[in-house]
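Data from protein10.txt: compact mmCIF, C-alpha atoms
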# COMPACT_ATOMS: atom_id res chain seq x y z
CA TYR A 13 -114.54 35.26 41.10
CA VAL A 14 -114.97 32.17 43.28
CA MET A 15 -113.01 29.22 41.99
CA ASN A 16 -114.89 25.96 41.58
CA LEU A 17 -112.26 23.40 42.50
CA GLN A 18 -114.22 20.47 41.19
CA SER A 19 -114.65 22.06 37.78
CA GLN A 20 -110.89 22.76 37.67
CA ASP A 21 -110.24 19.08 38.40
CA HIS A 22 -112.59 17.97 35.63
CA LEU A 23 -111.06 20.44 33.17
CA ALA A 24 -107.56 19.18 33.88
CA LYS A 25 -108.54 15.53 33.43
CA LEU A 26 -110.46 16.22 30.23
CA LEU A 27 -107.61 18.21 28.67
CA ALA A 28 -104.98 15.69 29.74
CA LYS A 29 -107.08 12.76 28.51
CA GLU A 30 -106.21 10.77 31.61
CA ASN A 31 -107.36 10.42 35.20
CA LEU A 32 -104.77 12.73 36.74
CA THR A 33 -104.57 13.28 40.45
CA VAL A 34 -105.31 16.96 41.05
CA GLN A 35 -104.55 18.57 44.39
CA HIS A 36 -105.17 22.13 45.60
CA GLY A 37 -103.26 23.80 48.39
CA ASN A 38 -101.13 26.70 49.55
CA PHE A 39 -98.48 26.03 46.93
CA GLN A 40 -96.20 28.78 45.74
CA THR A 41 -96.99 27.95 42.14
CA ALA A 42 -98.52 25.30 39.93
CA SER A 43 -96.58 22.11 39.21
CA PHE A 44 -96.93 18.71 37.59
CA ASN A 45 -95.13 15.53 38.60
CA VAL A 46 -94.49 13.79 35.30
CA VAL A 47 -93.77 10.45 37.02
CA ASP A 48 -96.56 10.22 39.62
CA ARG A 49 -99.01 12.15 37.38
CA VAL A 50 -100.01 14.59 40.11
CA LEU A 51 -101.06 18.12 39.20
CA SER A 52 -100.77 20.65 42.03
CA LEU A 53 -102.61 23.96 41.84
CA PRO A 54 -102.25 26.93 44.20
CA LEU A 55 -105.29 28.45 45.87
CA TRP A 56 -105.24 31.87 44.20
CA ALA A 57 -108.87 32.85 44.65
CA ASP A 58 -108.28 36.48 43.70
CA LYS A 59 -106.61 35.97 40.32
CA GLY A 60 -109.66 35.22 38.20
CA LYS A 61 -110.79 32.39 35.97
CA ALA A 62 -108.34 33.13 33.14
CA VAL A 63 -105.35 32.67 35.47
CA HIS A 64 -106.69 29.38 36.80
CA ASP A 65 -107.34 28.14 33.26
CA LEU A 66 -103.81 29.22 32.35
CA LEU A 67 -102.35 27.25 35.26
CA VAL A 68 -104.33 24.16 34.33
CA GLY A 69 -103.55 24.49 30.64
CA HIS A 70 -99.84 24.93 31.25
CA GLU A 71 -99.50 21.95 33.57
CA VAL A 72 -101.67 19.76 31.37
CA GLY A 73 -99.24 20.69 28.60
CA HIS A 74 -96.51 19.02 30.66
CA ALA A 75 -98.80 16.03 31.24
CA LEU A 76 -99.38 15.61 27.52
CA TYR A 77 -96.01 16.46 26.04
CA THR A 78 -93.13 16.33 28.56
CA PRO A 79 -91.66 12.80 28.46
CA ALA A 80 -91.12 11.45 31.96
CA ASP A 81 -88.06 9.43 30.95
CA GLY A 82 -86.61 12.30 28.97
CA TRP A 83 -87.03 14.73 31.85
CA HIS A 84 -85.65 12.29 34.39
CA ASP A 85 -82.59 11.44 32.26
CA SER A 86 -81.87 14.94 30.98
CA ASP A 87 -78.93 15.40 33.35
CA LYS A 88 -77.31 12.42 31.60
CA THR A 89 -78.41 13.31 28.09
CA ILE A 90 -77.09 16.86 28.31
CA PRO A 91 -74.78 16.89 31.34
CA GLY A 92 -73.91 20.25 32.79
CA VAL A 93 -77.09 21.96 31.58
CA PRO A 94 -79.18 23.30 34.49
CA ARG A 95 -82.63 21.75 34.85
CA SER A 96 -84.03 25.24 35.18
CA MET A 97 -82.81 26.05 31.66
CA ILE A 98 -84.47 22.92 30.31
CA ASN A 99 -87.65 23.89 32.15
CA ILE A 100 -87.82 27.33 30.55
CA ILE A 101 -87.34 26.04 27.02
CA GLU A 102 -89.67 23.08 27.56
CA ASP A 103 -92.28 25.58 28.81
CA ILE A 104 -92.05 27.33 25.44
CA ARG A 105 -92.71 24.06 23.65
CA ILE A 106 -95.57 22.75 25.76
CA GLU A 107 -97.39 26.08 25.80
CA LYS A 108 -97.17 26.21 22.03
CA LEU A 109 -98.49 22.66 21.70
CA ILE A 110 -101.33 22.92 24.24
CA GLN A 111 -102.66 26.07 22.57
CA ARG A 112 -102.38 24.42 19.17
CA THR A 113 -104.28 21.36 20.45
CA TYR A 114 -106.93 23.40 22.26
CA PRO A 115 -107.34 26.77 20.45
CA GLY A 116 -110.09 27.74 22.87
CA ILE A 117 -107.55 28.13 25.65
CA VAL A 118 -105.47 30.74 23.79
CA LYS A 119 -107.60 33.57 25.16
CA SER A 120 -107.09 32.33 28.72
CA PHE A 121 -103.31 32.24 28.21
CA LYS A 122 -103.24 35.82 26.93
CA SER A 123 -105.59 37.17 29.58
CA GLY A 124 -104.04 35.12 32.38
CA TYR A 125 -100.50 36.24 31.65
CA LYS A 126 -101.63 39.85 31.36
CA THR A 127 -103.09 39.60 34.87
CA LEU A 128 -99.92 38.02 36.25
CA PHE A 129 -97.68 40.66 34.69
CA ASP A 130 -100.01 43.46 35.82
CA ASP A 131 -99.78 42.02 39.34
CA ASP A 132 -95.97 41.99 38.96
CA LEU A 133 -95.70 38.29 39.70
CA PHE A 134 -92.53 38.18 37.58
CA GLY A 135 -91.01 41.20 39.33
CA THR A 136 -90.56 43.24 36.15
CA VAL A 137 -92.35 46.47 37.07
CA GLY A 138 -89.90 49.34 37.38
CA LYS A 139 -86.91 47.08 36.71
CA ASP A 140 -84.19 47.58 34.11
CA LEU A 141 -84.44 44.29 32.26
CA THR A 142 -81.23 45.00 30.34
CA LYS A 143 -79.42 44.09 33.55
CA TYR A 144 -81.03 40.66 33.59
CA GLY A 145 -79.25 37.55 32.36
CA PHE A 146 -80.20 35.90 29.08
CA MET A 147 -82.33 33.13 30.56
CA ASP A 148 -84.24 35.59 32.76
CA LYS A 149 -85.03 37.67 29.70
CA LEU A 150 -85.99 34.64 27.61
CA ASN A 151 -88.36 33.43 30.33
CA ILE A 152 -90.03 36.85 30.55
CA GLN A 153 -90.18 37.22 26.76
CA SER A 154 -91.65 33.78 26.13
CA LYS A 155 -94.33 34.07 28.79
CA GLY A 156 -94.99 37.80 28.58
CA ARG A 157 -95.19 38.09 24.80
CA GLY A 158 -95.05 41.87 24.91
CA TYR A 159 -96.35 42.57 28.43
CA ALA A 160 -92.81 43.48 29.51
CA GLU A 161 -90.23 45.31 27.40
CA VAL A 162 -87.38 42.87 26.72
CA SER A 163 -84.53 43.61 24.33
CA PHE A 164 -81.86 41.29 22.95
CA ASP A 165 -78.72 42.04 20.99
CA ALA A 166 -78.21 40.47 17.55
CA THR A 167 -76.38 37.43 18.88
CA GLU A 168 -78.86 36.83 21.68
CA GLN A 169 -81.73 37.07 19.21
CA LEU A 170 -80.37 34.07 17.30
CA PHE A 171 -80.70 31.96 20.45
CA VAL A 172 -84.11 33.43 21.26
CA ASP A 173 -85.28 32.34 17.80
CA LEU A 174 -83.77 28.89 18.38
CA ALA A 175 -85.63 28.51 21.69
CA MET A 176 -88.92 29.82 20.34
CA ALA A 177 -88.82 27.38 17.40
CA VAL A 178 -88.69 24.14 19.44
CA GLU A 179 -91.30 21.55 18.51
CA THR A 180 -89.97 18.24 19.84
CA TRP A 181 -88.22 17.11 23.03
CA ASP A 182 -85.04 16.61 20.99
CA ASP A 183 -85.36 20.21 19.82
CA VAL A 184 -85.47 21.29 23.47
CA LEU A 185 -82.33 19.33 24.33
CA ASN A 186 -80.46 20.65 21.30
CA ALA A 187 -81.48 24.24 22.04
CA CYS A 188 -80.36 23.85 25.66
CA LYS A 189 -76.95 22.55 24.58
CA GLU A 190 -76.47 25.43 22.15
CA ILE A 191 -77.59 28.09 24.62
CA ASN A 192 -75.58 26.63 27.49
CA THR A 193 -72.44 26.66 25.33
CA TYR A 194 -73.15 30.24 24.28
CA LEU A 195 -73.59 31.40 27.87
CA ALA A 196 -70.45 29.58 29.00
CA ASN A 197 -68.42 31.25 26.24
CA LYS A 198 -69.99 34.61 27.02
CA GLU A 199 -69.13 34.19 30.69
CA ASP A 200 -65.50 33.43 29.87
CA TYR A 201 -65.30 36.46 27.58
CA GLU A 202 -66.86 38.84 30.08
CA GLU A 203 -64.65 37.54 32.88
CA GLU A 204 -61.60 38.31 30.71
CA GLU A 205 -62.93 41.80 30.04
CA GLU A 206 -63.55 42.30 33.76
CA GLU A 207 -59.98 41.24 34.62
CA ARG A 208 -58.56 43.77 32.15
CA ASP A 209 -60.81 46.50 33.53
CA ASP A 210 -59.78 45.70 37.08
CA SER A 211 -56.38 47.28 36.39
CA CYS A 212 -58.14 50.59 35.80
CA VAL A 213 -60.28 52.73 38.05
CA LEU A 214 -63.51 51.02 39.06
CA THR A 215 -66.37 53.16 37.83
CA SER A 216 -70.10 52.92 38.28
CA ALA A 217 -70.35 51.58 34.74
CA HIS A 218 -67.90 48.81 35.62
CA THR A 219 -69.95 48.00 38.71
CA HIS A 220 -73.06 47.61 36.57
CA ARG A 221 -71.21 45.33 34.18
CA GLY A 222 -70.11 43.27 37.17
CA LEU A 223 -73.74 42.77 38.11
CA SER A 224 -74.44 41.64 34.56
CA VAL A 225 -71.57 39.16 34.72
CA CYS A 226 -72.98 37.86 38.00
CA TRP A 227 -76.36 37.25 36.33
CA VAL A 228 -74.66 35.31 33.54
CA LYS A 229 -72.64 33.23 35.99
CA VAL A 230 -75.63 32.04 37.94
CA ARG A 231 -77.60 31.68 34.73
CA CYS A 232 -80.87 29.99 35.51
CA TRP A 233 -80.35 29.02 39.12
CA LEU A 234 -81.66 32.29 40.47
CA LEU A 235 -84.44 32.67 37.91
CA LYS A 236 -87.89 33.46 39.11
CA ILE A 237 -89.48 30.61 37.19
CA PHE A 238 -93.20 30.63 37.37
CA PHE A 239 -94.14 27.07 36.45
CA LEU A 240 -92.40 23.91 37.60
CA PRO A 241 -92.95 20.79 35.48
CA CYS A 242 -92.68 18.34 38.37
CA SER A 243 -92.33 18.98 42.03
CA THR A 244 -90.41 15.86 43.03
CA VAL A 245 -88.06 15.41 40.10
CA TYR A 246 -87.16 19.06 39.57
CA GLU A 247 -85.57 20.96 42.43
CA PRO A 248 -84.54 24.57 41.72

Since I need it in another form, could you write the structure as structure tokens?
Amino acid sequence: YVMNLQSQDHLAKLLAKENLTVQHGNFQTASFNVVDRVLSLPLWADKGKAVHDLLVGHEVGHALYTPADGWHDSDKTIPGVPRSMINIIEDIRIEKLIQRTYPGIVKSFKSGYKTLFDDDLFGTVGKDLTKYGFMDKLNIQSKGRGYAEVSFDATEQLFVDLAMAVETWDDVLNACKEINTYLANKEDYEEEEEERDDSCVLTSAHTHRGLSVCWVKVRCWLLKIFFLPCSTVYEP
């Protein structure tokens, strides 16, 4: 498959319903600057048309639905919540909305993500995902939709359902606040458990739990997030 860059540009502008600036280059991933209205696409000539349509569709979703002011002011609206967490949950919303607006792109999303997971872009092949932190697992679950085995306990599932149900920007902010509070409380609890266990013999099981605590503590900062909503405003 040889990518037609001009056709990709036209597709993006038609879907976004505005004269976006589209640039192609050796970018690590796709991104959209919600302020300057610049869509950046990586030159992945070997990934196939479905992946390129997925990239365009996803970033156009940000162009259509992610409010520039809301994104820019989110650190004030919900202080203490990592931008990367907001990004993951906003990704859930905009992908839902773009596929609802343009049903013809649903097939490209499914096929494109299958290719990316088969190529192990998310680093899930051969990995024990139970050791991953909640936001890692939510990101994989929401984008993979079954291409990677992800399990959640009963409490986690409540927050997964909350994240997957977002429809508005306010829903995203509320979900982020709830999830951030949950993770902070979980971190405090697990740190207390770790301190009690430290008085006993350190076992391999305890070491594994320590790794899990580490994942919770860093939360989203070390996530391998695939799509960035805006390259200049958001810095991982």

### Shell of 12 Å around segment 111-117 of chain A, only C-alpha atoms, local chain residues under 3 positions omitted, as a PyMOL selection string
chain A and resi 23+26-28+61-70+72-73+76-77+104-108+120-124+179

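Among A:Val162, A:Leu51, A:Ile90, A:Leu17, the residue with the shortest atom-to-atom distance to Ala187 of chain A, counting all atoms listed in the file, is A:Ile90.
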
### Query
Which value, in Å to one decimal, gives the distance between atom CA of Asn45 of chain A and atom CA of Ile110 of chain A?
17.3 Å

### Query
Which residues, written as a list in words, have at least one atom at most 12 Å from Pro79 of chain A, with all atoms listed in the file counted and residues fewer than 3 positions away on the same chain left out?
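Counting all atoms listed in the file, the residues come to Asn45, Val46, Val47, Arg49, Gly73, His74, Ala75, Leu76, Gly82, Trp83, His84, Asp85, Ser86, Glu102, Ile106, Thr180, Trp181, Asp182, Val184, Pro241 and Cys242 of chain A.
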
### Query
Closest to Ile152 of chain A among A:Asp103, A:Glu71, A:Asp87, A:Glu190, using all atoms listed in the file?
A:Asp103

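Here atom CA of Tyr159 of chain A stands at a distance of 20.1 Å from atom CA of Thr41 of chain A.
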
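Here atom CA of Met176 of chain A is placed at a distance of 17.1 Å from atom CA of Glu161 of chain A.
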